[in-house]
>>> print(open('structure_5.tsv').read())   # TSV, C-alpha atoms
chain	number	residue	atom	x	y	z
M	1110	MET	CA	17.85	-22.65	-93.73
M	1111	ASP	CA	15.12	-20.14	-94.50
M	1112	GLU	CA	11.70	-21.78	-94.41
M	1113	ASN	CA	10.40	-19.90	-97.45
M	1114	LEU	CA	13.44	-20.92	-99.47
M	1115	ILE	CA	12.92	-24.57	-98.63
M	1116	TRP	CA	9.41	-24.46	-100.08
M	1117	GLU	CA	10.49	-22.40	-103.09
M	1118	ILE	CA	13.01	-25.14	-103.85
M	1119	ARG	CA	10.29	-27.76	-103.59
M	1120	ALA	CA	8.11	-25.79	-106.03
M	1121	PHE	CA	11.08	-25.43	-108.42
M	1122	VAL	CA	11.68	-29.19	-108.38
M	1123	TYR	CA	8.03	-29.88	-109.22
M	1124	ARG	CA	7.93	-27.27	-112.01
M	1125	HIS	CA	11.14	-28.70	-113.44
M	1126	LEU	CA	9.66	-32.21	-113.45
M	1127	ALA	CA	6.47	-31.05	-115.16
M	1128	GLU	CA	8.36	-29.05	-117.78
M	1129	THR	CA	11.26	-31.41	-118.52
M	1130	THR	CA	10.01	-34.81	-117.17
M	1131	HIS	CA	13.12	-35.20	-115.02
M	1132	PRO	CA	14.15	-33.69	-111.66
M	1133	PRO	CA	16.80	-30.99	-111.40
M	1134	HIS	CA	20.27	-32.05	-110.34
M	1135	VAL	CA	21.21	-30.54	-107.01
M	1136	ASP	CA	23.72	-28.26	-108.79
M	1137	GLU	CA	20.99	-26.90	-111.11
M	1138	THR	CA	19.01	-26.03	-108.00
M	1139	ALA	CA	22.07	-24.43	-106.40
M	1140	THR	CA	22.55	-22.26	-109.50
M	1141	ARG	CA	18.87	-21.34	-109.69
M	1142	PHE	CA	18.81	-20.10	-106.07
M	1143	ASP	CA	22.38	-18.80	-105.91
M	1144	LEU	CA	23.34	-21.38	-103.27
M	1145	THR	CA	26.52	-23.31	-102.71
M	1146	HIS	CA	26.47	-27.01	-103.57
M	1147	GLU	CA	26.50	-27.80	-99.85
M	1148	GLU	CA	23.53	-25.50	-99.16
M	1149	ALA	CA	21.51	-27.09	-101.96
M	1150	VAL	CA	22.37	-30.56	-100.63
M	1151	LEU	CA	21.12	-29.52	-97.18
M	1152	ALA	CA	17.87	-28.25	-98.74
M	1153	TYR	CA	17.35	-31.51	-100.63
M	1154	GLU	CA	18.01	-33.51	-97.47
M	1155	GLU	CA	15.57	-31.37	-95.50
M	1156	LEU	CA	12.84	-31.80	-98.12
M	1157	HIS	CA	13.53	-35.54	-98.10
M	1158	ARG	CA	13.19	-35.57	-94.32
M	1159	ARG	CA	9.85	-33.77	-94.64
M	1160	HIS	CA	8.60	-36.29	-97.26
M	1161	ALA	CA	8.27	-33.46	-99.83
M	1162	PHE	CA	10.29	-35.68	-102.15
M	1163	PHE	CA	12.53	-38.70	-101.74
M	1164	LEU	CA	16.21	-39.10	-102.58
M	1165	GLN	CA	17.99	-42.18	-103.86
M	1166	PRO	CA	19.73	-43.73	-100.83
M	1167	ASP	CA	23.11	-42.13	-100.10
M	1168	THR	CA	22.79	-39.65	-103.00
M	1169	GLN	CA	21.33	-36.21	-103.75
M	1170	ASP	CA	19.40	-37.60	-106.74
M	1171	ILE	CA	15.62	-37.28	-106.54
M	1172	LEU	CA	14.01	-40.70	-106.84
M	1173	MET	CA	10.39	-39.69	-106.29
M	1174	ALA	CA	8.51	-36.43	-106.13
M	1175	ASN	CA	5.05	-37.94	-106.09
M	1176	PRO	CA	3.33	-38.39	-108.42
M	1177	PHE	CA	6.46	-38.02	-110.59
M	1178	SER	CA	9.26	-40.55	-110.68
M	1179	GLY	CA	12.81	-39.30	-111.08
M	1180	VAL	CA	13.72	-42.47	-112.96
M	1181	GLU	CA	12.10	-44.47	-115.77
M	1182	THR	CA	9.39	-46.86	-114.63
M	1183	PRO	CA	6.81	-49.14	-116.31
M	1184	PHE	CA	4.16	-46.45	-115.69
M	1185	LYS	CA	4.36	-44.07	-118.66
M	1186	VAL	CA	2.18	-40.97	-118.68
M	1187	HIS	CA	1.91	-38.95	-121.88
M	1188	VAL	CA	0.92	-35.36	-121.05
M	1189	ASN	CA	1.46	-32.04	-122.83
M	1190	GLY	CA	3.37	-33.79	-125.63
M	1191	LYS	CA	5.89	-35.29	-123.19
M	1192	THR	CA	6.34	-38.66	-121.47
M	1193	CYS	CA	6.57	-38.55	-117.70
M	1194	PHE	CA	7.13	-41.56	-115.47
M	1195	ALA	CA	4.96	-42.30	-112.47
M	1196	ASN	CA	5.96	-44.27	-109.38
M	1197	CYS	CA	3.02	-46.65	-109.39
M	1198	ALA	CA	-0.51	-47.22	-110.71
M	1199	TRP	CA	-1.96	-44.56	-108.42
M	1200	ASP	CA	0.62	-41.96	-109.37
M	1201	SER	CA	0.03	-42.62	-113.08
M	1202	LEU	CA	-3.40	-41.03	-112.61
M	1203	GLY	CA	-1.89	-38.59	-110.12
M	1204	ILE	CA	0.12	-36.84	-112.85
M	1205	PRO	CA	-2.89	-35.65	-114.90
M	1206	ALA	CA	-4.69	-34.90	-111.63
M	1207	ALA	CA	-1.78	-32.70	-110.47
M	1208	LEU	CA	-1.28	-30.98	-113.82
M	1209	HIS	CA	-5.03	-30.69	-114.59
M	1210	VAL	CA	-4.47	-31.94	-118.14
M	1211	ASP	CA	-5.51	-34.79	-120.40
M	1212	ALA	CA	-3.28	-37.86	-120.40
M	1213	GLU	CA	-2.64	-41.20	-122.02
M	1214	ILE	CA	-1.29	-43.75	-119.56
M	1215	LYS	CA	0.51	-46.87	-120.69
M	1216	ALA	CA	1.29	-49.59	-118.17
M	1217	ALA	CA	0.85	-53.34	-117.84
M	1218	CYS	CA	-0.99	-55.94	-115.78
M	1219	ALA	CA	1.33	-56.97	-112.93
M	1220	GLN	CA	0.37	-60.63	-113.36
M	1221	SER	CA	0.00	-61.19	-117.12
M	1222	GLY	CA	2.08	-58.36	-118.52
M	1223	GLU	CA	-0.78	-57.47	-120.88
M	1224	PRO	CA	-0.84	-53.77	-121.73
M	1225	ILE	CA	-3.17	-51.49	-119.83
M	1226	GLN	CA	-4.00	-48.12	-121.34
M	1227	LEU	CA	-6.00	-45.44	-119.61
M	1228	ASN	CA	-7.10	-42.12	-121.02
M	1229	VAL	CA	-7.99	-38.97	-119.14
M	1230	ILE	CA	-10.02	-36.58	-121.27
M	1231	ASP	CA	-11.48	-33.32	-120.00
M	1232	GLN	CA	-10.52	-34.35	-116.46
M	1233	GLN	CA	-12.54	-37.57	-116.68
M	1234	VAL	CA	-10.99	-41.02	-116.79
M	1235	GLN	CA	-12.36	-43.16	-119.62
M	1236	LYS	CA	-14.01	-46.50	-118.90
M	1237	SER	CA	-11.66	-49.38	-118.04
M	1238	GLU	CA	-12.13	-52.80	-116.45
M	1239	ALA	CA	-8.66	-52.68	-114.88
M	1240	LEU	CA	-8.18	-52.76	-111.10
M	1241	VAL	CA	-5.61	-51.32	-108.76
M	1242	HIS	CA	-4.32	-53.25	-105.77
M	1243	PHE	CA	-2.89	-51.51	-102.70
M	1244	LEU	CA	-0.75	-54.03	-100.87
M	1245	LEU	CA	0.07	-52.18	-97.67
M	1246	PRO	CA	-2.38	-50.44	-95.34
M	1247	PHE	CA	-2.07	-46.67	-94.93
M	1248	ARG	CA	-0.36	-46.96	-91.54
M	1249	ASP	CA	2.61	-48.67	-93.25
M	1250	TRP	CA	2.98	-46.41	-96.31
M	1251	TYR	CA	5.94	-44.45	-95.04
M	1252	ASP	CA	7.85	-47.41	-93.59
M	1253	ASP	CA	9.10	-48.28	-97.06
M	1254	LEU	CA	7.79	-45.94	-99.69
M	1255	VAL	CA	9.39	-47.68	-102.66
M	1256	PHE	CA	7.82	-51.00	-101.68
M	1257	THR	CA	4.37	-49.47	-101.15
T	941	MET	CA	0.24	-49.95	-106.17
T	942	LEU	CA	-0.15	-52.19	-109.22
T	943	PHE	CA	-2.58	-52.54	-112.12
T	944	PHE	CA	-4.38	-55.80	-112.90
T	945	ARG	CA	-6.51	-56.66	-115.92
T	946	SER	CA	-9.11	-58.48	-113.79
T	947	GLU	CA	-9.94	-59.98	-110.40
T	948	GLU	CA	-8.70	-63.32	-111.76
T	949	ALA	CA	-5.31	-61.85	-112.61
T	950	LEU	CA	-5.09	-60.25	-109.18
T	951	HIS	CA	-5.95	-63.56	-107.49
T	952	GLU	CA	-3.25	-65.37	-109.49
T	953	TRP	CA	-0.72	-62.71	-108.50
T	954	LEU	CA	-1.62	-62.92	-104.78
T	955	VAL	CA	-1.17	-66.71	-104.86
T	956	ALA	CA	2.11	-66.48	-106.81
T	957	GLN	CA	3.52	-63.78	-104.52
T	958	LYS	CA	2.19	-65.47	-101.36
T	959	VAL	CA	0.80	-62.18	-100.05
T	960	GLU	CA	-2.51	-61.19	-98.52
T	961	ARG	CA	-5.06	-59.17	-100.44
T	962	GLY	CA	-4.91	-55.49	-99.51
T	963	ALA	CA	-7.40	-52.94	-100.88
T	964	VAL	CA	-8.73	-52.93	-104.43
T	965	LEU	CA	-10.03	-49.85	-106.24
T	966	SER	CA	-11.68	-49.53	-109.63
T	967	ILE	CA	-10.23	-47.04	-112.11
T	968	PRO	CA	-12.99	-44.46	-111.45
T	969	GLN	CA	-12.34	-44.78	-107.70
T	970	LEU	CA	-8.61	-44.36	-108.22
T	971	TRP	CA	-9.17	-41.29	-110.38
T	972	GLU	CA	-11.35	-39.75	-107.69
T	973	LEU	CA	-8.67	-40.47	-105.08
T	974	SER	CA	-5.98	-39.04	-107.36
T	975	GLN	CA	-7.91	-35.84	-107.86
T	976	HIS	CA	-8.41	-35.34	-104.12
T	977	TRP	CA	-4.83	-36.29	-103.32
T	978	TYR	CA	-2.93	-34.45	-106.05
T	979	TRP	CA	-5.05	-31.51	-107.27
T	980	ASP	CA	-2.91	-28.94	-105.41
T	981	ARG	CA	0.47	-30.72	-105.63
T	982	MET	CA	1.95	-28.22	-108.10
T	983	SER	CA	0.99	-25.23	-105.97
T	984	PRO	CA	3.88	-23.34	-104.34
T	985	ASN	CA	1.66	-23.25	-101.27
T	986	TYR	CA	1.47	-27.02	-100.94
T	987	HIS	CA	3.54	-27.91	-97.88
T	988	GLY	CA	2.27	-31.42	-97.28
T	989	ARG	CA	-0.70	-32.50	-95.23
T	990	THR	CA	-1.40	-33.89	-91.80
T	991	ILE	CA	-2.58	-37.40	-90.99
T	992	GLU	CA	-5.94	-35.86	-90.07
T	993	GLN	CA	-6.25	-34.24	-93.52
T	994	VAL	CA	-5.40	-37.55	-95.18
T	995	GLN	CA	-8.02	-39.32	-93.10
T	996	GLU	CA	-10.56	-36.70	-94.13
T	997	ILE	CA	-9.84	-37.39	-97.82
T	998	PHE	CA	-10.29	-41.12	-97.33
T	999	LYS	CA	-13.53	-40.52	-95.42
T	1000	GLU	CA	-14.93	-38.27	-98.17
T	1001	LEU	CA	-14.29	-41.06	-100.68
T	1002	GLY	CA	-15.86	-43.75	-98.51
T	1003	LEU	CA	-12.51	-45.41	-97.78
T	1004	THR	CA	-13.29	-46.13	-94.16
T	1005	SER	CA	-12.12	-49.70	-93.58
T	1006	GLU	CA	-9.23	-50.50	-91.24
T	1007	PHE	CA	-6.91	-50.56	-94.27
T	1008	TRP	CA	-7.23	-46.80	-94.63
T	1009	GLN	CA	-6.85	-45.95	-90.94
T	1010	ALA	CA	-3.71	-44.34	-89.52
T	1011	GLN	CA	-3.62	-46.58	-86.42
>>> encode(input="structure_5.tsv", output="structure tokens")
Amino acid sequence: MDENLIWEIRAFVYRHLAETTHPPHVDETATRFDLTHEEAVLAYEELHRRHAFFLQPDTQDILMANPFSGVETPFKVHVNGKTCFANCAWDSLGIPAALHVDAEIKAACAQSGEPIQLNVIDQQVQKSEALVHFLLPFRDWYDDLVFT
Amino acid sequence: MLFFRSEEALHEWLVAQKVERGAVLSIPQLWELSQHWYWDRMSPNYHGRTIEQVQEIFKELGLTSEFWQAQ
């Protein structure tokens, strides 16, 4: 598959997530680029292989296009009048960092369940006493991305 | 990566989950990391980054312990 097309498809997926809060179905992508279903599936699988985004196991559904989640998660990020879902604590700040916009983040303490709210205003994060714990060292991040 | 209200809450979670402590960042540190990591993610020209580029980001942010090393 054409290398430029692969990266255009990646950019389309990210734009779609930012604009609609959910990833495009593989058939939407096929239509957008005038591809067959099979060609679009191959492109998705190639982008998965390159870690550009990650598919649900044994499907063509996008699970993660970091910092965006393709499914609802406990990490809600309100940006541009929409609610996006992040994959983890880090990615919840990653969404306003990627979009260069203000954000209100609503999540919870992993131990107590108490709500944690963060605000990004004018590309500055507002004061918070919360902490973020990274369980796995960097060398293990891509062994099991969902777990990390 | 998970949020915790406090060090005490994190400690309770580590004990309950029977896992070792990894790395802990404050919210300002995480924001700085997010900005370095994701600022160009929406660009059509973003094609991923190498391990060396990742290590450079960590180094710039002072994340130099073994936890942040590739090997």
>>> residues_around(input="structure_5.tsv", residues="stretch 981-989 of chain T", least_positions_apart="2", cutoff="6 Å", atoms="all atoms listed in the file", output="NGL selection string")
(:M and (1120 or 1207)) or (:T and (978-979))
>>> atom_distance(input="structure_5.tsv", atom1="atom CA of T:Glu960", atom2="atom CA of T:Leu1001")
23.4 Å
>>> residues_near_point(input="structure_5.tsv", point="(-8.3, -60.1, -100.6)", cutoff="10 Å", atoms="all atoms listed in the file", output="list in words")
His1242 and Leu1244 of chain M; Glu947, Leu950, His951, Leu954, Val959, Glu960, Arg961, Gly962, Ala963 and Val964 of chain T
>>> residues_around(input="structure_5.tsv", residues="T:Leu942", least_positions_apart="3", cutoff="12 Å", atoms="only C-alpha atoms", output="PyMOL selection string")
(chain M and resi 1183-1184+1195-1201+1216-1222+1225+1239-1245+1256-1257) or (chain T and resi 945-946+949-950+953-954+962-967+970)
>>> residues_around(input="structure_5.tsv", residues="M:Asn1189", least_positions_apart="6", cutoff="10 Å", atoms="all atoms listed in the file", output="MDAnalysis selection string")
chainID M and resid 1127:1128 1205 1208 1210:1212
